[in-house]
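Participant: Got a structure for you, questions after.
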Amino acid sequence: MNEPVYLDYNATAPLRPEALAAMTRALEVTGNASSPHAFGRRARRVVEDAREQVAALVGARPQQIVFTAGGTEANNQALRACGRSRVLVSAGEHASVLQATAEAVRIPLRRDGLVSLAKLASLLAAETLPAVVSLQLANNETGVVQPVAEAAALAREFGALVHCDAVQAVGKIPVDFALLAVDLMSLSAHKLGGPQGIGALVVADDAALHPLLRGGGQERGRRAGTENVAAIAGFGAAAAAARETLGYLAARRDAFEAELRALAPSAVIFGAEAQRLPNTTCLALPGLTSERQLMALDLAGVAVSSGSACSSGKVAPSHVLIAMGASADETQAALRISTGWASVATDYARFLEAWRPLTQTVEARTPVFPNGRVTA
Amino acid sequence: MSREPSNGRPGGGIYLDYQATTPTDPRVVEAMLPWFTEQFGNPHSDAHAYGWQAEEAVEKARGEVAASLNADAREIVFTSGATESNNLAIKGAARFRRTHEGRSGVVTLATEHKCVLESARALARDGFEVTILPVRSDGLVDLERLRAALSERTAVVSVMAVNNEIGVIQPLVAIAEQVRAVGAWLHVDAAQAVGKIPLDVGTAGIDLLSLSGHKLYGPKGVGALYVRRRPRVRLEPLFDGGGQERGLRSGTLPTPLCVGLGTACRLALDEMAEEAARLSGLRQVFLETIETKLGPVAINGSLEARVVGNLNLHFPDAPADKVMEAARGLAVSTGSACSSAAIEPSYVLQALGLRDEEAACSLRIGFGRMTTTEEAMQGAELLAAAVVAARAGAAAAE
């Protein structure tokens with residue numbers, strides 16, 4: 001059998017060797033980074049070096065980085081502890097943003113996946129209480145890149161705070177916290193080749209932020225808990241490596257999508273009209289369900305997904321695609337292909353090879369399953 | 001598999017601060033490594049083998065954590081560490097019970113870890129009735145005062161199994177009996193206890209229990225919360241999102257860290273009795289060496305009801321910061337690590353009734369799996385000499 005092909009980087013990325021090396025070294029450092037003795041100071045140095053590396057990747061200063069257990073915690077803290085009772089979020093946000101505040105106002109998406117700035121302006125104008133706007137930099141399912149800097153400028157005119165979930169964007173496109181001019185920005189290490197279980201919230205100097213986890217006062221009182229030294233070291237090393245390899249090959253993805261369209265002219269590529277991450281393709285071939293494609297691709301050793309990973313077991317239609325106005329036929333057929341730092345050119349070819357037989361049945365207008373469902 | 005005795009030993013000095021953190025056991029690192037590299041999947045990806053393998057590893061680890069508490073695997077929620085577990089347990093239980101049952105009382109002890117006290121204080125600001133009980137001079141709970149503080153309005157009582165500074169073991173069974181009598185839930189911060197003393201959540205009557213990886217030779221950045229299923233304990237989550245951990249704790253689970261925690265729990269359980277006997281001997285050697293040099297030494301907190309890997313000693317007229325400065329190459333501490341760059345008198349020792357100057361002349365010494373007899377003896381000699389030097393310095397300054 002062929003080597004398996006991993007095309008699900010937006011779910012998680014394999015650990016970069018630089019990150020593994022840094023973590024292996026850090027695991028040999030005994031010490032609580034908050035202990036004042038020599039062991040503790042060695043651990044502290046590891047943490048602070050990594051903080052600089054993460055800050056450098058996102059155009060922030062080290063003091064602005066607050067390490068968290070990951071993107072979900074960072075998003076929850078940003079929205080629940082920023083002191084704003086009114087929350088406006090785009091309809092395409094990650095579940096950790098959508099669920100963090102039950103009464104959030106949803107900003108609709110346009111058909112191309114972009115948030116409507118005109119609609120944002122009218123929603124902000126209608127707010128009477130201090131608000132926070134949360135807008136992701138890039139969508140995890142479609143890769144669509146939002147006009148965050150423009151939205152932030154708009155929000156500031158109305159006195160609103162801005163949080164940006166940059167989890168999927170960092171390491172894939174250049175991200176500059178200062179240029180985006182947002183107040184809070186969430187990061188996750190494992191999406192860019194760092195370890196799982198570590199992330200960060202980037203906090204502007206003047207942003208009031210309360211801790212969600214209280215205790216020993218670590219992270220300058222913003223996030224209690226013993227510093228996760230090894231994972232932080234891995235995050236730093238992955239950030240440094242990602243920074244050096246940012247010149248991503250969008251051309252490779254565009255060539256892949258051209259082949260897709262040639263193979264299946266009726267396929268829809270979501271967000272193709274908008275600026276997207278150079279690693280993500282979200283497509284649907286109506287009539288060919290996600291489940292059927294996933295099964296066939298898995299048999300061929302090709303790992304992709306139908307959307308967000310999160311809590312397994314449920315196959316609900318994507319809220320992102322629905323927000324973009326996709327039909328039920330389209331959402332049932334959605335497939336996400338995402339590449340990353342260890343991907344090679346032949347990975348796309350392996351996908352196409354496994355996918356071709358599936359498309360032929362659909363393109364010949366022969367329903368795969370008469371009722372459009374897989375029962376097995 | 002045999003372990004190289006020198007592997008995993010902290011280098012660059014004598015490390016006697018095992019309550020702050022422990023070295024990661026090389027066997028734990030070995031178990032974690034494959035999950036960093038070839039098997040890197042997101043355990044929540046349900047569409048491919050990468051995800052399934054990771055999920056299987058996480059579930060095996062969950063079983064290992066559960067076994068160390070005699071719990072069911074379904075009762076274990078992975079978190080980022082004991083601070084998160086404690087915040088989730090106390091805030092989550094109190095908020096849930098106030099909303100659904102009108103219970104708004106929270107009771108805890110003055111000697112709890114900061115993250116428990118800070119969680120309780122945050123609840124007090126939200127209108128909960130928070131009672132922080134004093135402890136006896138030996139560090140143990142006063143059961144009469146506890147009984148008086150409990151009522152039908154009490155939502156949750158939080159008591160640590162083993163204190164992080166003085167190592168005393170609270171009488172959990174007696175506490176649980178009182179807590180249950182008023183229908184409150186008992187949360188136990190067991191970060192310093194798991195793997196050191198036998199814990200059985202069922203027979204002890206514990207409803208919620210927090211543990212931490214890096215206090216038991218596992219990795220930092222991972223912990224767990226035991227949440228009893230029968231009868232069911234319900235919590236309001238701290239984070240929402242993808243709905244992982246049955247909705248109690250959203251966020252991608254870090255597979256390697258979960259595997260590390262599971263392995264650490266299994267090793268600690270397997271080796272507990274043998275290790276306790278060994279550490280008890282080490283502590284004896286350490287104390288005898290110190291007392292040979294300095295005469296009888298005052299021990300803060302009960303020595304009988306204490307884990308074998310801890311000492312907290314009072315050296316009159318020897319300021320702890322000066323002792324640590326003088327004891328080059330020896331890592332001990334004045335108490336909780338946490339954020340304090342400034343050395344303040346320990347609130348735990350103050351709660352035992354020590355005056356500020358007594359607390360400021362006290363040191364915590366922690367022994368653990370990688371500590372050798374030679375290190376215990378050398379450490380004691382270094383410490384005794386440093387105490388003498390600090391006393392001389394203090395006398396000269398007067």
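Every chain in the structure tokens takes a letter, A first, then B, and so on in the order presented; its residues are numbered from 1, and the ligands are numbered from 1 following the presented order.
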Write out as a PyMOL selection string the set of residues from region 14-194 of chain B that DSSP, computed on the backbone, places in helix (DSSP H, G or I).
Facilitator: chain B and resi 26-36+49-67+73-75+82-101+114-125+143-149+172-181
Participant: Residues of chain B within 7 Å of chain A: nearest atom pair and distance (Å, one decimal) for each, counting only C-alpha atoms, sorted by chain and number, as a Markdown table?
Facilitator:
| residue | atom | partner | partner_atom | distance |
| --- | --- | --- | --- | --- |
| B:Gly8 | CA | A:Glu28 | CA | 6.8 |
| B:Pro10 | CA | A:Thr30 | CA | 5.7 |
| B:Ala20 | CA | A:Asn32 | CA | 6.1 |
| B:Thr21 | CA | A:Asn32 | CA | 5.6 |
| B:Thr22 | CA | A:Thr30 | CA | 6.7 |
| B:Pro23 | CA | A:Thr30 | CA | 4.9 |
| B:Thr24 | CA | A:Leu27 | CA | 6.5 |
| B:Phe36 | CA | A:Leu15 | CA | 6.2 |
| B:Thr37 | CA | A:Leu15 | CA | 6.0 |
| B:Phe40 | CA | A:Pro14 | CA | 5.5 |
| B:Gly41 | CA | A:Thr12 | CA | 6.5 |
| B:Asn42 | CA | A:Thr12 | CA | 5.6 |
| B:His44 | CA | A:Ser312 | CA | 5.2 |
| B:Ser45 | CA | A:Ala309 | CA | 4.6 |
| B:Asp46 | CA | A:Ser312 | CA | 5.5 |
| B:Ala47 | CA | A:Ser305 | CA | 5.8 |
| B:His48 | CA | A:Ala303 | CA | 5.5 |
| B:Ser80 | CA | A:Ala69 | CA | 5.9 |
| B:Gly81 | CA | A:Gly225 | CA | 6.9 |
| B:Thr83 | CA | A:Gly225 | CA | 5.1 |
| B:Glu84 | CA | A:Leu213 | CA | 6.1 |
| B:Asn87 | CA | A:Leu213 | CA | 6.2 |
| B:Lys114 | CA | A:Gly215 | CA | 4.8 |
| B:Cys115 | CA | A:Gly215 | CA | 3.2 |
| B:Val116 | CA | A:Gly215 | CA | 6.8 |
| B:Glu118 | CA | A:Gly215 | CA | 5.5 |
| B:Ser119 | CA | A:Arg214 | CA | 6.0 |
| B:Lys220 | CA | A:Asn228 | CA | 4.9 |
| B:Gly221 | CA | A:Asn228 | CA | 4.6 |
| B:Phe239 | CA | A:Asn76 | CA | 5.7 |
| B:Asp240 | CA | A:Ala100 | CA | 5.2 |
| B:Gly241 | CA | A:Ser96 | CA | 3.3 |
| B:Gly242 | CA | A:Cys310 | CA | 4.7 |
| B:Gly243 | CA | A:Ser311 | CA | 5.6 |
| B:Gln244 | CA | A:Ser311 | CA | 5.0 |
| B:Ser250 | CA | A:Thr72 | CA | 6.7 |
| B:Gly251 | CA | A:Thr72 | CA | 5.1 |
| B:Thr252 | CA | A:Cys310 | CA | 6.9 |
| B:Leu253 | CA | A:Gly197 | CA | 6.6 |
| B:Pro254 | CA | A:Gln196 | CA | 4.5 |
| B:Ala331 | CA | A:His37 | CA | 5.8 |
| B:Ala337 | CA | A:Ser35 | CA | 4.9 |
| B:Cys338 | CA | A:Gly216 | CA | 4.6 |
| B:Ser339 | CA | A:Gln218 | CA | 5.0 |
| B:Ala341 | CA | A:Pro36 | CA | 7.0 |
Participant: Which residues come within 6 Å of Phe270 (chain A), counting only C-alpha atoms, excluding same-chain residues fewer than 2 positions away, as a list of chain:residue names?
Facilitator: A:Ala272, A:Cys282, A:Leu283
Participant: Please return, as a ChimeraX atom specification, all residues of region 43-105 of chain B that DSSP assigns to strand (DSSP E) on the basis of the backbone.
Facilitator: /B:76-79,105
Participant: Using only C-alpha atoms, which protein or nucleic acid residues come within 7 Å of Ala104 (chain A)? Drop anything in the same chain fewer than 2 positions from it, and give the result as an MDAnalysis selection string.
Facilitator: chainID A and resid 86:89 101:102 106
Participant: Any idea what the distance is between CA of Val332 (chain B) and CA of Phe67 (chain A)?
Facilitator: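 Going from CA of Val332 (chain B) over to CA of Phe67 (chain A), I get 26.6 Å.
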Participant: Pick out the residues sitting within 12 Å of region 358-360 of chain A, and hand them over as a ChimeraX atom specification; count only C-alpha atoms, and ignore anything fewer than 2 positions along from it in its own chain.
Facilitator: /A:260-267,284-290,292-297,333,351-356,362-368
Participant: Counting only C-alpha atoms, what is within 8 Å of Val159 (chain B), bar same-chain residues fewer than 3 positions away, as a VMD selection string?
Facilitator: chain B and resid 108 to 109 112 170 186 to 189
Participant: Generate the output file for the selected residues, N, CA, C and O atoms, as a PDB file, in the first residue's frame.
Facilitator:
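Now in result.pdb:
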ATOM      1  N   THR B 108     -14.119  26.745  51.915  1.00  0.00           N
ATOM      2  CA  THR B 108     -12.782  26.214  51.658  1.00  0.00           C
ATOM      3  C   THR B 108     -11.873  26.576  52.837  1.00  0.00           C
ATOM      4  O   THR B 108     -12.321  27.199  53.799  1.00  0.00           O
ATOM      5  N   LEU B 109     -10.608  26.165  52.751  1.00  0.00           N
ATOM      6  CA  LEU B 109      -9.684  26.378  53.863  1.00  0.00           C
ATOM      7  C   LEU B 109      -8.666  27.472  53.525  1.00  0.00           C
ATOM      8  O   LEU B 109      -8.296  27.646  52.363  1.00  0.00           O
ATOM      9  N   GLU B 112      -5.507  26.508  51.312  1.00  0.00           N
ATOM     10  CA  GLU B 112      -5.623  25.968  49.956  1.00  0.00           C
ATOM     11  C   GLU B 112      -4.656  26.665  49.003  1.00  0.00           C
ATOM     12  O   GLU B 112      -4.170  27.771  49.275  1.00  0.00           O
ATOM     13  N   GLN B 170      -5.179  15.937  54.629  1.00  0.00           N
ATOM     14  CA  GLN B 170      -6.453  16.232  55.301  1.00  0.00           C
ATOM     15  C   GLN B 170      -7.284  14.956  55.441  1.00  0.00           C
ATOM     16  O   GLN B 170      -7.220  14.074  54.579  1.00  0.00           O
ATOM     17  N   LEU B 186     -18.211  17.737  47.426  1.00  0.00           N
ATOM     18  CA  LEU B 186     -16.833  17.876  47.895  1.00  0.00           C
ATOM     19  C   LEU B 186     -15.879  17.880  46.712  1.00  0.00           C
ATOM     20  O   LEU B 186     -15.837  16.916  45.937  1.00  0.00           O
ATOM     21  N   HIS B 187     -15.140  18.957  46.586  1.00  0.00           N
ATOM     22  CA  HIS B 187     -14.054  19.020  45.606  1.00  0.00           C
ATOM     23  C   HIS B 187     -12.728  18.869  46.334  1.00  0.00           C
ATOM     24  O   HIS B 187     -12.504  19.515  47.358  1.00  0.00           O
ATOM     25  N   VAL B 188     -11.859  18.028  45.800  1.00  0.00           N
ATOM     26  CA  VAL B 188     -10.551  17.791  46.402  1.00  0.00           C
ATOM     27  C   VAL B 188      -9.464  18.162  45.402  1.00  0.00           C
ATOM     28  O   VAL B 188      -9.418  17.625  44.296  1.00  0.00           O
ATOM     29  N   ASP B 189      -8.619  19.095  45.797  1.00  0.00           N
ATOM     30  CA  ASP B 189      -7.434  19.411  44.998  1.00  0.00           C
ATOM     31  C   ASP B 189      -6.378  18.372  45.377  1.00  0.00           C
ATOM     32  O   ASP B 189      -5.791  18.449  46.460  1.00  0.00           O
TER      33      ASP B 189
END
Participant: Restricting the calculation to only C-alpha atoms, which member of B:Arg98, B:Arg230, B:Arg62, B:Arg369 is positioned closest to Gly262 (chain B)?
Facilitator: B:Arg62
Participant: Considering only C-alpha atoms, can you say which of A:Ala56, A:Ala22, A:Leu161, A:Ala207 comes closest to Arg243 (chain A)?
Facilitator: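 Among A:Ala56, A:Ala22, A:Leu161, A:Ala207, it is A:Ala56 that comes nearest to Arg243 (chain A).
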Participant: Name the closest residue to Gln284 (chain B) among the candidates B:Phe367, B:Ser158, B:Leu225, B:Lys60; distances are taken between atoms, counting only C-alpha atoms.
Facilitator: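 For Gln284 (chain B), the nearest of the candidates is B:Phe367.
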Participant: With a distance cut-off of 12 Å and only C-alpha atoms, select the neighbouring residues of Ser327 (chain A), excluding the residue or stretch itself and same-chain residues fewer than 2 positions from it, and output the selection as number ranges by chain.
Facilitator: A: 111, 268, 270, 284-287, 317-325, 329-334
Participant: Restrict the selected residues to N, CA, C and O atoms and save them as a PDB file, in the first residue's frame.
Facilitator:
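And here's result_35.pdb as it stands now:
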ATOM      1  N   ARG A 111     -21.912  35.790  -0.079  1.00  0.00           N
ATOM      2  CA  ARG A 111     -21.796  34.535  -0.825  1.00  0.00           C
ATOM      3  C   ARG A 111     -20.321  34.133  -1.000  1.00  0.00           C
ATOM      4  O   ARG A 111     -19.976  32.947  -1.020  1.00  0.00           O
ATOM      5  N   VAL A 268     -18.139  22.910  -6.894  1.00  0.00           N
ATOM      6  CA  VAL A 268     -18.126  24.267  -6.361  1.00  0.00           C
ATOM      7  C   VAL A 268     -16.902  24.384  -5.461  1.00  0.00           C
ATOM      8  O   VAL A 268     -16.671  23.514  -4.618  1.00  0.00           O
ATOM      9  N   PHE A 270     -15.639  26.708  -2.580  1.00  0.00           N
ATOM     10  CA  PHE A 270     -16.182  27.774  -1.737  1.00  0.00           C
ATOM     11  C   PHE A 270     -15.146  28.866  -1.505  1.00  0.00           C
ATOM     12  O   PHE A 270     -13.982  28.588  -1.211  1.00  0.00           O
ATOM     13  N   ALA A 284     -17.326  21.186  -3.110  1.00  0.00           N
ATOM     14  CA  ALA A 284     -18.488  20.310  -3.052  1.00  0.00           C
ATOM     15  C   ALA A 284     -18.823  19.886  -4.470  1.00  0.00           C
ATOM     16  O   ALA A 284     -18.758  20.702  -5.393  1.00  0.00           O
ATOM     17  N   LEU A 285     -19.135  18.628  -4.571  1.00  0.00           N
ATOM     18  CA  LEU A 285     -19.596  18.121  -5.853  1.00  0.00           C
ATOM     19  C   LEU A 285     -20.999  17.584  -5.576  1.00  0.00           C
ATOM     20  O   LEU A 285     -21.157  16.471  -5.063  1.00  0.00           O
ATOM     21  N   PRO A 286     -22.026  18.403  -5.814  1.00  0.00           N
ATOM     22  CA  PRO A 286     -23.382  18.004  -5.436  1.00  0.00           C
ATOM     23  C   PRO A 286     -23.726  16.634  -5.999  1.00  0.00           C
ATOM     24  O   PRO A 286     -23.442  16.335  -7.167  1.00  0.00           O
ATOM     25  N   GLY A 287     -24.304  15.810  -5.141  1.00  0.00           N
ATOM     26  CA  GLY A 287     -24.648  14.442  -5.543  1.00  0.00           C
ATOM     27  C   GLY A 287     -23.666  13.425  -4.994  1.00  0.00           C
ATOM     28  O   GLY A 287     -23.928  12.227  -5.015  1.00  0.00           O
ATOM     29  N   PRO A 317     -24.450  19.723   9.002  1.00  0.00           N
ATOM     30  CA  PRO A 317     -23.987  20.570   7.899  1.00  0.00           C
ATOM     31  C   PRO A 317     -23.211  21.767   8.442  1.00  0.00           C
ATOM     32  O   PRO A 317     -23.497  22.266   9.519  1.00  0.00           O
ATOM     33  N   SER A 318     -22.216  22.199   7.677  1.00  0.00           N
ATOM     34  CA  SER A 318     -21.331  23.274   8.130  1.00  0.00           C
ATOM     35  C   SER A 318     -22.068  24.607   8.273  1.00  0.00           C
ATOM     36  O   SER A 318     -22.700  25.074   7.324  1.00  0.00           O
ATOM     37  N   HIS A 319     -21.940  25.222   9.447  1.00  0.00           N
ATOM     38  CA  HIS A 319     -22.572  26.531   9.647  1.00  0.00           C
ATOM     39  C   HIS A 319     -21.895  27.597   8.799  1.00  0.00           C
ATOM     40  O   HIS A 319     -22.513  28.603   8.439  1.00  0.00           O
ATOM     41  N   VAL A 320     -20.627  27.354   8.456  1.00  0.00           N
ATOM     42  CA  VAL A 320     -19.900  28.331   7.639  1.00  0.00           C
ATOM     43  C   VAL A 320     -20.483  28.354   6.223  1.00  0.00           C
ATOM     44  O   VAL A 320     -20.784  29.411   5.664  1.00  0.00           O
ATOM     45  N   LEU A 321     -20.655  27.153   5.670  1.00  0.00           N
ATOM     46  CA  LEU A 321     -21.165  27.072   4.299  1.00  0.00           C
ATOM     47  C   LEU A 321     -22.613  27.545   4.234  1.00  0.00           C
ATOM     48  O   LEU A 321     -23.014  28.217   3.283  1.00  0.00           O
ATOM     49  N   ILE A 322     -23.375  27.223   5.272  1.00  0.00           N
ATOM     50  CA  ILE A 322     -24.767  27.700   5.307  1.00  0.00           C
ATOM     51  C   ILE A 322     -24.792  29.235   5.322  1.00  0.00           C
ATOM     52  O   ILE A 322     -25.565  29.865   4.609  1.00  0.00           O
ATOM     53  N   ALA A 323     -23.880  29.808   6.124  1.00  0.00           N
ATOM     54  CA  ALA A 323     -23.824  31.271   6.208  1.00  0.00           C
ATOM     55  C   ALA A 323     -23.441  31.902   4.878  1.00  0.00           C
ATOM     56  O   ALA A 323     -23.759  33.065   4.606  1.00  0.00           O
ATOM     57  N   MET A 324     -22.739  31.137   4.047  1.00  0.00           N
ATOM     58  CA  MET A 324     -22.366  31.649   2.726  1.00  0.00           C
ATOM     59  C   MET A 324     -23.473  31.386   1.704  1.00  0.00           C
ATOM     60  O   MET A 324     -23.296  31.652   0.511  1.00  0.00           O
ATOM     61  N   GLY A 325     -24.570  30.826   2.155  1.00  0.00           N
ATOM     62  CA  GLY A 325     -25.696  30.606   1.250  1.00  0.00           C
ATOM     63  C   GLY A 325     -25.617  29.317   0.454  1.00  0.00           C
ATOM     64  O   GLY A 325     -26.297  29.176  -0.561  1.00  0.00           O
ATOM     65  N   ASP A 329     -27.675  20.488  -0.876  1.00  0.00           N
ATOM     66  CA  ASP A 329     -26.914  19.579  -1.761  1.00  0.00           C
ATOM     67  C   ASP A 329     -25.416  19.845  -1.645  1.00  0.00           C
ATOM     68  O   ASP A 329     -24.602  18.924  -1.653  1.00  0.00           O
ATOM     69  N   GLU A 330     -25.097  21.119  -1.549  1.00  0.00           N
ATOM     70  CA  GLU A 330     -23.675  21.490  -1.477  1.00  0.00           C
ATOM     71  C   GLU A 330     -23.085  21.164  -0.107  1.00  0.00           C
ATOM     72  O   GLU A 330     -21.991  20.594  -0.020  1.00  0.00           O
ATOM     73  N   THR A 331     -23.788  21.511   0.972  1.00  0.00           N
ATOM     74  CA  THR A 331     -23.201  21.285   2.304  1.00  0.00           C
ATOM     75  C   THR A 331     -23.035  19.797   2.580  1.00  0.00           C
ATOM     76  O   THR A 331     -22.074  19.395   3.232  1.00  0.00           O
ATOM     77  N   GLN A 332     -23.950  18.974   2.054  1.00  0.00           N
ATOM     78  CA  GLN A 332     -23.825  17.522   2.269  1.00  0.00           C
ATOM     79  C   GLN A 332     -22.644  16.924   1.519  1.00  0.00           C
ATOM     80  O   GLN A 332     -22.253  15.790   1.780  1.00  0.00           O
ATOM     81  N   ALA A 333     -22.129  17.670   0.567  1.00  0.00           N
ATOM     82  CA  ALA A 333     -21.085  17.130  -0.293  1.00  0.00           C
ATOM     83  C   ALA A 333     -19.727  17.782  -0.031  1.00  0.00           C
ATOM     84  O   ALA A 333     -18.779  17.574  -0.783  1.00  0.00           O
ATOM     85  N   ALA A 334     -19.639  18.555   1.068  1.00  0.00           N
ATOM     86  CA  ALA A 334     -18.439  19.368   1.270  1.00  0.00           C
ATOM     87  C   ALA A 334     -17.221  18.518   1.661  1.00  0.00           C
ATOM     88  O   ALA A 334     -17.333  17.502   2.350  1.00  0.00           O
TER      89      ALA A 334
END
Participant: Counting only C-alpha atoms, which residue out of A:Leu180, A:Ala81, A:Ile269, A:Ala240 sits closest to Val132 (chain A)?
Facilitator: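 Among A:Leu180, A:Ala81, A:Ile269, A:Ala240, it is A:Ala81 that comes nearest to Val132 (chain A).
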Participant: Rounded to one decimal, what separation in Å do you get between CA of Val175 (chain A) and CA of Leu123 (chain A)?
Facilitator: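 Result for CA of Val175 (chain A) versus CA of Leu123 (chain A): 26.7 Å, one decimal.
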Participant: Find the residue from B:Val173, B:Ala351, B:Val285, B:Trp35 that sits nearest to Ile132 (chain B); use only C-alpha atoms when measuring.
Facilitator: B:Ala351
